[in-house]
>>> print(open('entry_5.txt').read())   # compact mmCIF, C-alpha atoms
# COMPACT_ATOMS: atom_id res chain seq x y z
CA MET A 63 -120.78 160.55 -44.97
CA ASP A 64 -120.82 162.85 -41.98
CA ASP A 65 -120.21 162.26 -38.26
CA LEU A 66 -123.85 161.36 -37.60
CA ASP A 67 -123.80 158.69 -40.32
CA ARG A 68 -120.59 157.30 -38.80
CA LYS A 69 -122.16 157.13 -35.34
CA ILE A 70 -125.21 155.36 -36.75
CA LEU A 71 -123.05 152.85 -38.65
CA ALA A 72 -120.97 152.08 -35.58
CA LEU A 73 -124.14 151.44 -33.59
CA ILE A 74 -126.06 149.31 -36.07
CA GLN A 75 -123.17 146.96 -36.90
CA GLU A 76 -122.87 145.63 -33.38
CA ASN A 77 -125.99 146.60 -31.45
CA PHE A 78 -128.99 146.98 -33.74
CA PRO A 79 -131.88 147.46 -31.29
CA LEU A 80 -134.24 144.48 -31.20
CA VAL A 81 -137.33 146.46 -30.27
CA SER A 82 -140.56 147.44 -32.02
CA ARG A 83 -139.15 150.88 -32.97
CA PRO A 84 -135.40 150.41 -33.47
CA TYR A 85 -134.85 153.73 -35.25
CA ALA A 86 -136.27 155.60 -32.26
CA VAL A 87 -133.64 153.93 -30.07
CA ILE A 88 -130.91 154.61 -32.65
CA GLY A 89 -131.97 158.26 -32.90
CA GLU A 90 -131.98 158.64 -29.14
CA LYS A 91 -128.47 157.15 -28.84
CA VAL A 92 -126.98 159.38 -31.56
CA SER A 93 -129.04 162.51 -30.78
CA CYS A 94 -131.39 162.70 -33.74
CA SER A 95 -135.02 161.91 -34.42
CA GLU A 96 -136.36 158.47 -35.28
CA GLU A 97 -137.22 159.74 -38.76
CA GLU A 98 -133.73 161.14 -39.32
CA ALA A 99 -132.09 157.89 -38.19
CA PHE A 100 -134.31 155.86 -40.53
CA ARG A 101 -133.78 158.27 -43.44
CA ARG A 102 -130.00 158.15 -43.01
CA VAL A 103 -129.85 154.34 -42.83
CA MET A 104 -132.02 154.04 -45.95
CA ALA A 105 -129.81 156.60 -47.77
CA MET A 106 -126.69 154.62 -46.81
CA LYS A 107 -128.38 151.44 -48.00
CA LYS A 108 -129.30 153.05 -51.31
CA ALA A 109 -125.70 154.30 -51.70
CA GLY A 110 -124.36 150.79 -51.06
CA VAL A 111 -122.66 151.72 -47.78
CA VAL A 112 -125.07 149.38 -45.96
CA ARG A 113 -125.77 146.21 -47.90
CA ARG A 114 -127.91 144.27 -45.49
CA ILE A 115 -129.62 144.65 -42.14
CA GLY A 116 -130.58 141.34 -40.63
CA ALA A 117 -129.73 138.62 -38.19
CA ASN A 118 -126.86 136.20 -38.56
CA PHE A 119 -127.45 132.65 -37.44
CA ASP A 120 -125.06 129.78 -36.86
CA SER A 121 -126.61 127.45 -39.42
CA ARG A 122 -124.75 124.42 -38.03
CA LYS A 123 -126.34 124.88 -34.61
CA LEU A 124 -129.72 124.95 -36.35
CA GLY A 125 -128.96 121.62 -38.05
CA TYR A 126 -128.07 122.98 -41.48
CA VAL A 127 -125.05 122.12 -43.62
CA SER A 128 -123.17 124.44 -45.95
CA THR A 129 -120.53 124.45 -48.62
CA LEU A 130 -118.39 126.90 -50.55
CA VAL A 131 -118.63 126.44 -54.29
CA GLY A 132 -116.22 127.69 -56.93
CA MET A 133 -117.14 127.59 -60.61
CA ARG A 134 -115.16 127.91 -63.80
CA VAL A 135 -117.62 129.68 -66.06
CA PRO A 136 -116.90 130.86 -69.61
CA GLU A 137 -116.90 134.66 -69.56
CA LYS A 138 -119.82 134.87 -71.98
CA ASP A 139 -121.97 132.80 -69.59
CA VAL A 140 -121.08 134.38 -66.25
CA GLU A 141 -124.10 136.68 -66.02
CA ARG A 142 -126.58 133.90 -66.85
CA VAL A 143 -124.95 131.36 -64.50
CA ALA A 144 -124.72 133.94 -61.68
CA ALA A 145 -128.45 134.68 -62.08
CA LEU A 146 -129.19 130.94 -61.99
CA VAL A 147 -127.15 130.48 -58.82
CA SER A 148 -128.74 133.53 -57.18
CA SER A 149 -132.22 132.19 -57.92
CA TYR A 150 -131.78 129.64 -55.12
CA PRO A 151 -132.82 131.00 -51.71
CA GLN A 152 -130.24 128.67 -50.14
CA VAL A 153 -127.41 130.73 -51.70
CA THR A 154 -126.16 133.25 -49.16
CA HIS A 155 -123.32 134.85 -51.14
CA ASN A 156 -122.62 134.86 -54.86
CA TYR A 157 -119.83 136.86 -56.41
CA GLU A 158 -117.57 137.00 -59.44
CA ARG A 159 -113.80 136.96 -59.02
CA GLU A 160 -110.91 137.29 -61.41
CA GLY A 161 -109.06 134.10 -62.18
CA GLU A 162 -109.69 130.63 -63.52
CA VAL A 163 -112.34 129.91 -60.89
CA ASN A 164 -114.40 133.04 -61.48
CA LEU A 165 -117.76 132.53 -59.72
CA TRP A 166 -118.02 131.75 -56.03
CA PHE A 167 -121.02 131.14 -53.81
CA THR A 168 -122.00 129.68 -50.47
CA LEU A 169 -124.90 127.28 -50.18
CA VAL A 170 -126.77 126.38 -46.99
CA ALA A 171 -129.38 123.60 -46.84
CA GLU A 172 -131.23 121.33 -44.45
CA SER A 173 -129.12 118.28 -45.31
CA LYS A 174 -126.19 117.04 -47.39
CA GLU A 175 -128.74 115.38 -49.67
CA LYS A 176 -130.47 118.71 -50.32
CA LEU A 177 -127.09 120.37 -50.97
CA GLY A 178 -126.31 117.62 -53.46
CA ARG A 179 -129.65 117.99 -55.25
CA ILE A 180 -129.19 121.75 -55.63
CA LEU A 181 -125.64 121.34 -56.95
CA ASP A 182 -126.86 118.68 -59.40
CA GLU A 183 -129.59 121.06 -60.62
CA ILE A 184 -127.03 123.81 -61.16
CA ARG A 185 -124.74 121.39 -63.03
CA THR A 186 -127.65 120.34 -65.25
CA GLN A 187 -128.74 123.92 -66.00
CA ALA A 188 -125.17 125.19 -66.53
CA PRO A 189 -123.33 122.30 -68.23
CA GLU A 190 -120.72 124.70 -69.66
CA ALA A 191 -119.48 125.47 -66.13
CA GLU A 192 -117.20 123.31 -64.00
CA LEU A 193 -118.36 123.20 -60.40
CA LEU A 194 -116.01 122.67 -57.43
CA ASP A 195 -117.76 121.69 -54.19
CA LEU A 196 -115.42 122.76 -51.37
CA GLN A 197 -117.04 121.55 -48.15
CA ALA A 198 -115.20 122.72 -45.06
CA LYS A 199 -113.19 120.26 -43.03
CA ARG A 200 -112.65 122.87 -40.31
CA LEU A 201 -114.62 126.08 -39.85
CA PHE A 202 -113.13 129.47 -39.02
CA LYS A 203 -115.57 132.27 -38.33
CA LEU A 204 -114.32 135.82 -38.06
CA ARG A 205 -116.35 138.68 -36.73
CA VAL A 206 -115.42 141.82 -38.62
CA HIS A 207 -116.26 145.30 -37.42
CA PHE A 208 -115.71 148.25 -39.75
CA ASP A 209 -114.81 151.45 -37.93
CA PRO A 210 -116.60 154.24 -39.82
CA SER A 211 -114.50 156.87 -38.06
CA GLU A 212 -111.38 155.47 -39.75
CA ALA A 213 -112.27 155.34 -43.44
CA GLY A 214 -110.81 152.35 -45.18
CA THR A 215 -109.90 150.42 -42.03
CA ARG A 216 -111.45 147.46 -40.33
CA HIS A 217 -110.98 145.62 -37.09
CA ASP A 218 -111.54 141.92 -36.65
CA ASP A 219 -111.06 139.32 -33.98
CA SER A 220 -108.81 137.07 -36.02
CA PRO A 221 -105.53 135.97 -34.45
CA SER A 222 -102.47 138.07 -35.29
>>> encode(input="entry_5.txt", output="structure tokens")
Amino acid sequence: MDDLDRKILALIQENFPLVSRPYAVIGEKVSCSEEEAFRRVMAMKKAGVVRRIGANFDSRKLGYVSTLVGMRVPEKDVERVAALVSSYPQVTHNYEREGEVNLWFTLVAESKEKLGRILDEIRTQAPEAELLDLQAKRLFKLRVHFDPSEAGTRHDDSPS
């Protein structure tokens, strides 16, 4: 990653232009062409440096409910159960972790009833897994900003 990639990353994390030609604006701000800005972002996405470009919404303010789910899944079934979980469009994150509870995901739905139905479906389709529904009692939301000029560091607005 060179200095131009770092400038582009810094810009798109916080101020992705909401215009009809965002890469033209990005290119103008970092002194390259629209095509070069687009090509570089797509290359960083392909390399896994950029995972997602999209809006973040406060689902609660839109009337949705969410939960964090931990699962104890036998190692031999993790791939199948993870694919099952990821097949639901209401799942926003799904990842494997080391430890007894080895599969974690977040689920967002229109109502608690819908959340319950989805969790029941997952339980039915993955009876070998133990599911822990960990609905938040209090929500903490951190905004994290990765500084591409300082490899391996990040800055967030969490209290010290």
>>> residues_near_point(input="entry_5.txt", point="(-125.0, 121.8, -44.2)", cutoff="8 Å", atoms="all atoms listed in the file", output="list in words")
Ser121, Arg122, Gly125, Tyr126, Val127, Ser128, Thr129, Val170, Ala171, Glu172, Ser173, Lys174 and Leu177 of chain A
>>> closest_residue(input="entry_5.txt", among="A:Arg102, A:Lys108, A:Lys91, A:Arg159", to="Val140 (chain A)", atoms="all atoms listed in the file")
A:Arg159
>>> atom_distance(input="entry_5.txt", atom1="CA of Asn164 (chain A)", atom2="CA of Arg134 (chain A)")
5.7 Å
>>> closest_residue(input="entry_5.txt", among="A:Ile115, A:Gly89, A:Gly132, A:Tyr157", to="Ala145 (chain A)", atoms="all atoms listed in the file")
A:Tyr157
>>> residues_around(input="entry_5.txt", residues="Val87 (chain A)", least_positions_apart="2", cutoff="12 Å", atoms="all atoms listed in the file", output="short mmCIF file (atom, residue, chain, number, x, y, z; two decimals) with C-alpha atoms, keeping the file's coordinate frame")
data_model
loop_
_atom_site.label_atom_id
_atom_site.label_comp_id
_atom_site.auth_asym_id
_atom_site.auth_seq_id
_atom_site.Cartn_x
_atom_site.Cartn_y
_atom_site.Cartn_z
CA ILE A 70 -125.21 155.36 -36.75
CA LEU A 73 -124.14 151.44 -33.59
CA ILE A 74 -126.06 149.31 -36.07
CA ASN A 77 -125.99 146.60 -31.45
CA PHE A 78 -128.99 146.98 -33.74
CA PRO A 79 -131.88 147.46 -31.29
CA LEU A 80 -134.24 144.48 -31.20
CA VAL A 81 -137.33 146.46 -30.27
CA SER A 82 -140.56 147.44 -32.02
CA ARG A 83 -139.15 150.88 -32.97
CA PRO A 84 -135.40 150.41 -33.47
CA TYR A 85 -134.85 153.73 -35.25
CA GLY A 89 -131.97 158.26 -32.90
CA GLU A 90 -131.98 158.64 -29.14
CA LYS A 91 -128.47 157.15 -28.84
CA VAL A 92 -126.98 159.38 -31.56
CA SER A 93 -129.04 162.51 -30.78
CA CYS A 94 -131.39 162.70 -33.74
CA SER A 95 -135.02 161.91 -34.42
CA GLU A 96 -136.36 158.47 -35.28
CA GLU A 97 -137.22 159.74 -38.76
CA GLU A 98 -133.73 161.14 -39.32
CA ALA A 99 -132.09 157.89 -38.19
CA PHE A 100 -134.31 155.86 -40.53
#
>>> atom_distance(input="entry_5.txt", atom1="CA of Thr154 (chain A)", atom2="CA of Ala86 (chain A)")
29.8 Å
>>> residues_around(input="entry_5.txt", residues="Glu192 (chain A)", least_positions_apart="5", cutoff="8 Å", atoms="all atoms listed in the file", output="PyMOL selection string")
chain A and resi 133-135+185
>>> write_last_selection(input="entry_5.txt", atoms="C-alpha atoms", output="PDB file, in the coordinates of the input")
ATOM      1  CA  MET A 133    -117.140 127.590 -60.610  1.00  0.00           C
ATOM      2  CA  ARG A 134    -115.160 127.910 -63.800  1.00  0.00           C
ATOM      3  CA  VAL A 135    -117.620 129.680 -66.060  1.00  0.00           C
ATOM      4  CA  ARG A 185    -124.740 121.390 -63.030  1.00  0.00           C
TER       5      ARG A 185
END
>>> closest_residue(input="entry_5.txt", among="A:Ile180, A:Ala188, A:Leu169, A:Met106", to="Glu141 (chain A)", atoms="only C-alpha atoms")
A:Ala188
>>> atom_distance(input="entry_5.txt", atom1="CA of Thr168 (chain A)", atom2="CA of Ala109 (chain A)")
24.9 Å
>>> closest_residue(input="entry_5.txt", among="A:Ala72, A:Asn156, A:Glu175, A:Phe119", to="Val143 (chain A)", atoms="only C-alpha atoms")
A:Asn156
>>> axis_aligned_box(input="entry_5.txt", around="region 174-181 of chain A", padding_each_side="4 Å", output="AutoDock Vina command-line options")
--center_x -128.1 --center_y 118.6 --center_z -52.2 --size_x 12.8 --size_y 14.4 --size_z 17.6
>>> closest_residue(input="entry_5.txt", among="A:Arg114, A:Pro136, A:Lys107, A:Asp64", to="Gly161 (chain A)", atoms="all atoms listed in the file")
A:Pro136
